[in-house]
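Have a look at the structure below, then the notes.
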Amino acid sequence: MYMFTRNLTLLAGSIAIVTNLGAAKLTYTPANPDKYPYQSTAKNKQGRIINVDGAIIRKNVITVKEVYKSPFSGKNLSLGKKASKATLKAWNTDVRPDGKGLPDGKMNVEEGAKVFAAKCATCHGDFGEGVDRFPVLAGGIGTLKLHPRTGGDPGPLKTLGSYAPYIAPFFWYIQTAMPLSAPKSLNNDEVYGILGYLLQLNEIQVNGKDIEDSTVIDRNFIKSVHMPNEKGFEYNNLRKADTSNTRCMKNCIDTSKMVVMHIKTDATIVKPPFGKERYSFGDKNKKKAKGNIGETIYKNTCAGCHNSGIAGAPKFGDKADWAQIRKENLKDVFDHAINGFKAMPPKGGDASLKDEDVKSTVKYMLEKSK
Amino acid sequence: MEWRGPGLNSLQVTHGMLACSEWTGVPLKIILEDIGLKPEAKWMFPEGSDPAGVGRSVPIEKVLDDAMLVYAMNGEALRPEQGYPVRLFLPGWEGAIQVKWLKRLKFDDKSWFVREETTKYTMLERDGHAKMYNWAMEANSVITSPCPERNWKETKKGVIKVEGIAWSGKGTITHVDVSIDGGKTWREAKFTSIILPKAVTRFAIEVNWDGKPMLLQSRSTDDTGYTQPTAKQLVAARGKEAIYHRNAIQTWEVKSNGEVNDVHVYA
């Protein structure tokens with residue numbers, strides 16, 4: 001199995017931390033899916049009834065029984081139709097942390113890696129390292145304490161491996177939501193294989209053993225996985241505020257110690273949204289773009305592909321990529337952008353753009369990729 | 001937003017993710033009364049029919065208190081991007097749990113720990129552990145006039161009306177106080193709209209501006225007895241990596257030329 005060298009050091013360095021974590025006494029009660037401690041209602045300090053989230057239940061204003069009293073109560077309307085077995089099977093796909101809901105199926109990690117390479121790597125990277133700003137799925141274990149304040153640059157890296165407490169719910173997530181471009185297209189076997197590969201990338205051990213290329217991933221395997229951050233979460237007690245400010249009215253702070261933090265860059269002034277058309281049923285691009293039209297169109301229509309260089313698109317700002325294009329006749333380049341060329345859709349997929357404006361956009365892209 | 005420090009000079013960016021609308025629909029309680037609910041049903045899993053099939057865990061106590069299935073917003077049918085034809089509405093709770101394009105509701109005895117409540121929408125604390133199930137929006141407020149987008153450059157010095165909004169996902173706003181000196185002294189503002197639980201409440205106060213720079217702040221209190229924290233108090237409690245649910249007192253710096261800037265004040 002090919003392993004990626006770039007992150008190996010990082011992962012190796014973090015293993016020691018993981019073991020320490022296991023040993024250290026926790027200052028909080030880890031969130032346990034078997035037990036949610038804030039269930040049912042309670043009373044607050046003023047004697048008012050509060051809900052799970054600390055919100056006041058408005059007995060006097062909106063009483064469930066009085067105001068919301070169902071006119072049909074006890075009549076059993078049986079409205080709608082009963083879900084058929086087939087519907088239930090197709091829809092009832094959620095998976096709990098304990099693995100309840102995991103379907104039949106299996107695939108080994110090597111096969112899973114192939115599916116990942118074919119269907120996920122364009123965005124998440126061959127080794128889960130994340131292309132551009134797409135989510136990183138591997139590494140970061142041991143970085144959750146590295147906050148800027150503690151001097152821990154570059155800060156916490158929250159990935160599937162370092163942050164997720166349970167893997168089973170990701171069966172449902174991946175099958176439902178991924179790949180982003182074609183969700184719900186993976187079969188059960190493929191999802192098992194991919195999960196195995198993602199666990200292997202994160203160097204997760206199961207029952208004390210490394211995950212091999214030949215390891216077969218199925219329901220029972222997923223149920224026996226423990227993620228490094230399984231105990232890293234705590235249920236927020238929303239009934240108890242974590243700050244206790246008071247309505248102080250005079251001499252509340254020592255102004256001599258006051259620190260005022262300003263915005264670091266000044267290029268961030270956002271133009272007022274007031275008085276602007278907020279909802280456009282028609283053509284979004286009819287709004288006259290101010291300033292550099294090329295830049296505006298690039299950001300709205302082209303950046304999705306050209307920022308990352310997805311599917312072989314010449315990457316914005318990449319000298320080498322654009323040096324090739326510079327060698328072509330500019331007319332041809334315009335033609336390719338306007339009429340499409342291999343994986344490049346005509347006008348980037350927005351037929352409403354004027355030819356002249358697409359040309360300005362190409363010029364802008366060439367200009368910024370010198 | 002802006003846990004690490006002021007980011008963009010804009011009210012839209014600092015507080016623009018808030019929305020308060022009039023929703024029309026049916027309390028889930030009524031539907032559940034009709035179809036019946038087993039006693040072991042402690043959690044509800046609403047799932048959307050969008051490509052990402054967003055699903056979340058909702059405790060039954062919330063479901064039976066004020067959860068609704070809604071089909072209209074501000075008097076018109078839900079727009080496609082607002083979840084047509086039916087979406088879940090959980091008053092006072094974070095937006096991401098208000099599942100749109102609702103496909104199904106499932107009930108079970110334990111919660112799901114899905115991605116949107118573990119690797120996302122959780123608040124990482126300094127020691128590396130994170131708080132999950134952060135549903136309710138705590139008391140918050142912001143001054144909307146002036147603000148960076150609506151400054152005082154063209155405004156005459158003298159008595160000027162300062163306006164803003166306050167809200168709490170846990171109850172009703174009982175007081176809003178305003179400071180012009182960065183939080184040293186405060187005066188209570190007046191409410192200028194109806195005051196409803198878990199809804200946006202307007203406030204206003206007159207300020208005598210002599211052209212000297214000011215640090216304008218608003219601070220809300222709700223009927224749970226909770227007062228909106230200072231930036232310092234919130235960071236002390238949660239660190240700077242929480243990403244979500246930042247409800248610290250907002251400061252607008254008003255310069256002598258009337259320019260208004262987003263700043264953070266620590267004192």
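Residue numbers start at 1 in each chain; chains themselves are named A, B, ... in the order of the structure tokens; ligands are numbered from 1 in the order shown.
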message: Report as a VMD selection string all protein, DNA and RNA residues lying within 8 Å of Trp167 (chain B), evaluated on only C-alpha atoms, omitting residues in the same chain fewer than 5 positions from it.
response: chain B and resid 139 to 141 172 to 173 198 to 201 220
Can those selected residues be exported to a file as a tab-separated table (two decimals), in the first residue's frame so that it contains N, CA, C and O atoms?
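Result went into part38.tsv, see below:
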```tsv
chain	number	residue	atom	x	y	z
B	139	ALA	N	-28.76	35.01	24.67
B	139	ALA	CA	-29.13	36.42	24.51
B	139	ALA	C	-28.03	37.18	23.78
B	139	ALA	O	-26.84	37.00	24.04
B	140	ASN	N	-28.44	38.01	22.85
B	140	ASN	CA	-27.50	38.71	21.98
B	140	ASN	C	-28.14	40.04	21.60
B	140	ASN	O	-29.34	40.24	21.80
B	141	SER	N	-27.34	40.94	21.03
B	141	SER	CA	-27.89	42.21	20.56
B	141	SER	C	-26.85	42.88	19.69
B	141	SER	O	-25.66	42.56	19.76
B	172	THR	N	-37.40	35.75	26.68
B	172	THR	CA	-37.82	37.08	26.25
B	172	THR	C	-36.79	38.10	26.70
B	172	THR	O	-36.28	38.02	27.82
B	173	ILE	N	-36.51	39.06	25.86
B	173	ILE	CA	-35.58	40.13	26.23
B	173	ILE	C	-36.24	41.02	27.28
B	173	ILE	O	-37.39	41.45	27.09
B	198	LYS	N	-38.15	34.43	22.05
B	198	LYS	CA	-37.42	33.82	20.94
B	198	LYS	C	-37.62	34.59	19.64
B	198	LYS	O	-37.77	34.00	18.57
B	199	ALA	N	-37.71	35.90	19.74
B	199	ALA	CA	-37.90	36.71	18.54
B	199	ALA	C	-37.09	38.00	18.68
B	199	ALA	O	-36.71	38.41	19.77
B	200	VAL	N	-36.84	38.63	17.55
B	200	VAL	CA	-36.07	39.87	17.54
B	200	VAL	C	-36.88	41.01	18.14
B	200	VAL	O	-38.05	41.18	17.82
B	201	THR	N	-36.25	41.75	19.03
B	201	THR	CA	-36.88	42.89	19.70
B	201	THR	C	-36.08	44.14	19.36
B	201	THR	O	-34.86	44.12	19.45
B	220	SER	N	-27.76	42.93	26.10
B	220	SER	CA	-29.14	42.49	26.37
B	220	SER	C	-29.20	41.54	27.56
B	220	SER	O	-28.23	40.87	27.90
```
Contacts of region 246-253 of chain B at 6 Å (only C-alpha atoms; same-chain gap of 6+ positions) as a list in words: Asn140, Met214, Leu215, Leu216, Gln217, Arg219, Pro229, Thr230, Ala231, Val260, Asn261, Asp262 and Val263 of chain B
task: State, in Å with one decimal place, the distance from CA of Tyr173 (chain A) to CA of Ala19 (chain B).
output: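 If I compute the distance from CA of Tyr173 (chain A) to CA of Ala19 (chain B), I get 27.5 Å.
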Give one line per residue of chain A that approaches chain B to at most 6 Å, naming the two atoms of the closest pair and their distance in Å to one decimal, counting only C-alpha atoms; sort by chain then ascending residue number and deliver it as a Markdown table.
```
| residue | atom | partner | partner_atom | distance |
| --- | --- | --- | --- | --- |
| A:Ala55 | CA | B:Lys170 | CA | 3.8 |
| A:Ile56 | CA | B:Gly171 | CA | 5.7 |
| A:Ser70 | CA | B:Ile30 | CA | 5.3 |
| A:Asn76 | CA | B:Asp34 | CA | 5.3 |
| A:Arg96 | CA | B:Trp112 | CA | 4.7 |
| A:Leu144 | CA | B:Gly128 | CA | 4.6 |
| A:Lys145 | CA | B:Gly128 | CA | 4.2 |
| A:Ala164 | CA | B:Thr119 | CA | 5.6 |
| A:Pro169 | CA | B:Val114 | CA | 5.6 |
| A:Ala177 | CA | B:Ala52 | CA | 4.1 |
| A:Gly232 | CA | B:His129 | CA | 4.7 |
| A:Phe233 | CA | B:Ala130 | CA | 4.8 |
| A:Glu234 | CA | B:Lys131 | CA | 4.9 |
| A:Tyr235 | CA | B:Met132 | CA | 5.1 |
| A:Asn236 | CA | B:Lys131 | CA | 5.2 |
| A:Asn245 | CA | B:Pro229 | CA | 5.3 |
| A:Thr246 | CA | B:Thr227 | CA | 5.9 |
| A:Met249 | CA | B:Trp186 | CA | 4.7 |
| A:Lys250 | CA | B:Thr185 | CA | 4.5 |
| A:Asn251 | CA | B:Lys184 | CA | 5.1 |
| A:Cys252 | CA | B:Lys184 | CA | 4.7 |
| A:Ile253 | CA | B:Lys184 | CA | 5.1 |
| A:Lys257 | CA | B:Ala267 | CA | 5.8 |
| A:Met258 | CA | B:Ala267 | CA | 4.3 |
| A:Val259 | CA | B:Tyr266 | CA | 5.1 |
| A:Val260 | CA | B:Val265 | CA | 4.6 |
| A:Met261 | CA | B:His264 | CA | 5.0 |
| A:His262 | CA | B:Val263 | CA | 5.0 |
| A:Ile263 | CA | B:Pro6 | CA | 5.2 |
| A:Thr268 | CA | B:Leu8 | CA | 5.7 |
| A:Ile269 | CA | B:Asn9 | CA | 5.5 |
| A:Pro272 | CA | B:Glu149 | CA | 5.0 |
```
task: List every residue of region 7-253 of chain B that DSSP, applied to the backbone of this structure, places in helix (DSSP H, G or I), and write the result as an NGL selection string.
output: :B and (11-15 or 28-35 or 60-65 or 80-82 or 95-97 or 115-117 or 231-238)
Using the selection just defined, write its residues with N, CA, C and O atoms as a tab-separated table (two decimals), in the first residue's frame.
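Ended up saving to result-v4.tsv:
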```tsv
chain	number	residue	atom	x	y	z
B	11	LEU	N	-21.76	44.97	9.51
B	11	LEU	CA	-22.83	44.40	10.33
B	11	LEU	C	-23.36	43.12	9.68
B	11	LEU	O	-23.66	42.14	10.34
B	12	GLN	N	-23.45	43.16	8.34
B	12	GLN	CA	-23.95	42.01	7.62
B	12	GLN	C	-23.10	40.77	7.93
B	12	GLN	O	-23.60	39.67	8.08
B	13	VAL	N	-21.79	40.98	8.07
B	13	VAL	CA	-20.90	39.85	8.34
B	13	VAL	C	-20.92	39.47	9.82
B	13	VAL	O	-20.99	38.30	10.16
B	14	THR	N	-20.90	40.47	10.72
B	14	THR	CA	-20.84	40.11	12.13
B	14	THR	C	-22.15	39.50	12.63
B	14	THR	O	-22.12	38.57	13.43
B	15	HIS	N	-23.28	40.00	12.17
B	15	HIS	CA	-24.56	39.52	12.71
B	15	HIS	C	-25.59	39.15	11.64
B	15	HIS	O	-26.74	38.87	11.97
B	28	LEU	N	-45.72	20.21	15.74
B	28	LEU	CA	-45.48	18.76	15.60
B	28	LEU	C	-46.27	17.96	16.62
B	28	LEU	O	-46.66	16.83	16.39
B	29	LYS	N	-46.47	18.61	17.78
B	29	LYS	CA	-47.21	17.97	18.86
B	29	LYS	C	-48.57	17.46	18.38
B	29	LYS	O	-49.01	16.37	18.74
B	30	ILE	N	-49.24	18.26	17.57
B	30	ILE	CA	-50.57	17.88	17.08
B	30	ILE	C	-50.48	16.65	16.18
B	30	ILE	O	-51.26	15.71	16.30
B	31	ILE	N	-49.51	16.66	15.30
B	31	ILE	CA	-49.35	15.53	14.39
B	31	ILE	C	-49.01	14.27	15.19
B	31	ILE	O	-49.55	13.19	14.94
B	32	LEU	N	-48.14	14.45	16.17
B	32	LEU	CA	-47.72	13.28	16.95
B	32	LEU	C	-48.86	12.76	17.83
B	32	LEU	O	-48.96	11.57	18.09
B	33	GLU	N	-49.72	13.67	18.27
B	33	GLU	CA	-50.88	13.22	19.04
B	33	GLU	C	-51.75	12.30	18.19
B	33	GLU	O	-52.32	11.34	18.67
B	34	ASP	N	-51.84	12.65	16.92
B	34	ASP	CA	-52.70	11.87	16.03
B	34	ASP	C	-52.08	10.51	15.70
B	34	ASP	O	-52.76	9.50	15.72
B	35	ILE	N	-50.79	10.52	15.37
B	35	ILE	CA	-50.21	9.23	14.97
B	35	ILE	C	-49.71	8.42	16.15
B	35	ILE	O	-49.49	7.22	16.03
B	60	ILE	N	-36.71	15.01	22.23
B	60	ILE	CA	-38.18	14.98	22.19
B	60	ILE	C	-38.79	16.13	22.99
B	60	ILE	O	-39.87	16.62	22.66
B	61	GLU	N	-38.09	16.60	24.02
B	61	GLU	CA	-38.61	17.71	24.83
B	61	GLU	C	-38.82	18.96	23.98
B	61	GLU	O	-39.75	19.72	24.19
B	62	LYS	N	-37.91	19.19	23.05
B	62	LYS	CA	-38.06	20.34	22.16
B	62	LYS	C	-39.20	20.09	21.17
B	62	LYS	O	-40.03	20.97	20.93
B	63	VAL	N	-39.23	18.87	20.67
B	63	VAL	CA	-40.27	18.52	19.69
B	63	VAL	C	-41.65	18.78	20.28
B	63	VAL	O	-42.52	19.36	19.65
B	64	LEU	N	-41.84	18.36	21.53
B	64	LEU	CA	-43.15	18.46	22.15
B	64	LEU	C	-43.43	19.84	22.76
B	64	LEU	O	-44.54	20.12	23.19
B	65	ASP	N	-42.41	20.68	22.81
B	65	ASP	CA	-42.64	22.03	23.33
B	65	ASP	C	-43.12	22.95	22.20
B	65	ASP	O	-44.29	23.28	22.14
B	80	PRO	N	-38.26	28.10	-2.67
B	80	PRO	CA	-37.44	26.89	-2.82
B	80	PRO	C	-36.23	26.89	-1.90
B	80	PRO	O	-35.95	25.91	-1.21
B	81	GLU	N	-35.51	28.02	-1.85
B	81	GLU	CA	-34.30	28.05	-1.03
B	81	GLU	C	-34.59	28.10	0.46
B	81	GLU	O	-33.68	27.98	1.27
B	82	GLN	N	-35.86	28.28	0.82
B	82	GLN	CA	-36.22	28.25	2.24
B	82	GLN	C	-36.82	26.91	2.66
B	82	GLN	O	-37.30	26.77	3.77
B	95	GLY	N	-29.56	27.94	13.12
B	95	GLY	CA	-30.15	27.78	11.80
B	95	GLY	C	-29.94	26.41	11.18
B	95	GLY	O	-30.82	25.85	10.54
B	96	ALA	N	-28.75	25.85	11.39
B	96	ALA	CA	-28.39	24.63	10.67
B	96	ALA	C	-29.23	23.43	11.06
B	96	ALA	O	-29.23	22.42	10.37
B	97	ILE	N	-29.99	23.55	12.15
B	97	ILE	CA	-30.80	22.41	12.57
B	97	ILE	C	-32.23	22.52	12.05
B	97	ILE	O	-33.04	21.61	12.20
B	115	ARG	N	-22.55	14.07	11.38
B	115	ARG	CA	-21.46	14.99	11.08
B	115	ARG	C	-21.80	16.41	11.55
B	115	ARG	O	-20.98	17.06	12.20
B	116	GLU	N	-23.01	16.90	11.23
B	116	GLU	CA	-23.35	18.28	11.55
B	116	GLU	C	-23.49	18.53	13.05
B	116	GLU	O	-23.79	19.65	13.45
B	117	GLU	N	-23.31	17.52	13.88
B	117	GLU	CA	-23.31	17.80	15.32
B	117	GLU	C	-22.06	17.26	16.00
B	117	GLU	O	-21.98	17.22	17.21
B	231	ALA	N	-16.73	40.46	25.47
B	231	ALA	CA	-15.83	39.64	24.64
B	231	ALA	C	-14.84	38.90	25.54
B	231	ALA	O	-14.55	37.72	25.34
B	232	LYS	N	-14.36	39.61	26.56
B	232	LYS	CA	-13.36	39.02	27.46
B	232	LYS	C	-13.95	37.84	28.22
B	232	LYS	O	-13.32	36.78	28.33
B	233	GLN	N	-15.16	38.03	28.73
B	233	GLN	CA	-15.80	36.93	29.48
B	233	GLN	C	-16.04	35.71	28.59
B	233	GLN	O	-15.83	34.58	29.00
B	234	LEU	N	-16.45	35.96	27.37
B	234	LEU	CA	-16.78	34.84	26.49
B	234	LEU	C	-15.52	34.07	26.10
B	234	LEU	O	-15.50	32.84	26.08
B	235	VAL	N	-14.46	34.81	25.81
B	235	VAL	CA	-13.21	34.13	25.44
B	235	VAL	C	-12.64	33.38	26.65
B	235	VAL	O	-12.12	32.28	26.52
B	236	ALA	N	-12.81	33.97	27.85
B	236	ALA	CA	-12.34	33.28	29.05
B	236	ALA	C	-13.07	31.95	29.21
B	236	ALA	O	-12.49	30.94	29.63
B	237	ALA	N	-14.35	31.94	28.87
B	237	ALA	CA	-15.13	30.71	29.05
B	237	ALA	C	-14.90	29.70	27.94
B	237	ALA	O	-14.94	28.50	28.17
B	238	ARG	N	-14.68	30.15	26.72
B	238	ARG	CA	-14.69	29.22	25.59
B	238	ARG	C	-13.44	29.22	24.72
B	238	ARG	O	-13.36	28.43	23.78
```
- prompt: CA of Asp321 (chain A) to CA of Phe116 (chain A): how many Å, to one decimal?
  reply: 26.3 Å
Set the distance at 12 Å and use only C-alpha atoms: which residues neighbour Pro346 (chain A) once local chain neighbours fewer than 4 positions away are removed? I'd like the list as a compact mmCIF listing (two decimals) with C-alpha atoms, in the first residue's frame.
```txt
# COMPACT_ATOMS: atom_id res chain seq x y z
CA THR A 301 -18.53 31.62 -12.82
CA CYS A 302 -15.00 30.36 -13.40
CA VAL A 333 -8.23 30.78 -26.58
CA PHE A 334 -11.21 33.15 -26.69
CA ASP A 335 -13.01 30.65 -28.89
CA HIS A 336 -12.34 27.85 -26.41
CA ALA A 337 -13.64 29.91 -23.55
CA ILE A 338 -16.76 31.02 -25.46
CA ASN A 339 -17.64 27.81 -27.26
CA GLY A 340 -16.15 25.24 -24.93
CA PHE A 341 -13.17 22.96 -25.33
CA LYS A 342 -12.88 19.39 -23.99
CA ASP A 350 -23.28 30.43 -18.10
CA ALA A 351 -24.77 31.00 -21.54
CA SER A 352 -26.09 34.42 -20.50
CA LEU A 353 -22.60 35.93 -20.49
CA LYS A 354 -21.75 38.27 -23.38
CA ASP A 355 -18.87 37.17 -25.61
CA VAL A 358 -15.96 36.29 -21.44
```
query: Mind checking DSSP for region 70-239 of chain A and telling me the strand (DSSP E or B) residues as a list in words?
result: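 DSSP-assigned strand (DSSP E or B) residues in region 70-239 of chain A: Met107, Asn108, Val206, Lys209, Val216, Ile217, Phe233, Glu234 and Tyr235 of chain A.
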message: Using only C-alpha atoms for the distances, tell me which of B:Trp43, B:Trp3, B:Leu90, B:Gly258 is nearest to Asn151 (chain B).
response: B:Gly258
message: Between B:Thr174, B:Gly158, B:Ala166, B:His245, which residue has the minimum interatomic distance to Gly211 (chain B), considering only C-alpha atoms?
response: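 Going through B:Thr174, B:Gly158, B:Ala166, B:His245 one by one, the smallest distance to Gly211 (chain B) is for B:Gly158.
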field: Given only C-alpha atoms as the counted atoms, nearest of B:Met44, B:Leu196, B:Ile165, B:Ile180 to Glu22 (chain B)
entry: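 The closest residue to Glu22 (chain B) is B:Leu196.
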message: Quick one: residues within 10 Å of Leu88 (chain B), only C-alpha atoms, excluding same-chain residues fewer than 2 positions away - as JSON, numbers by chain?
response: {"B": [25, 27, 28, 46, 47, 48, 67, 68, 69, 70, 71, 83, 86, 90, 91, 97, 98, 99, 100, 101, 102, 105]}
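The residue that comes closest to Cys123 (chain A), out of A:Ala31, A:Ala343, A:Leu180, A:Leu238 and on the basis of only C-alpha atoms, is A:Leu180.
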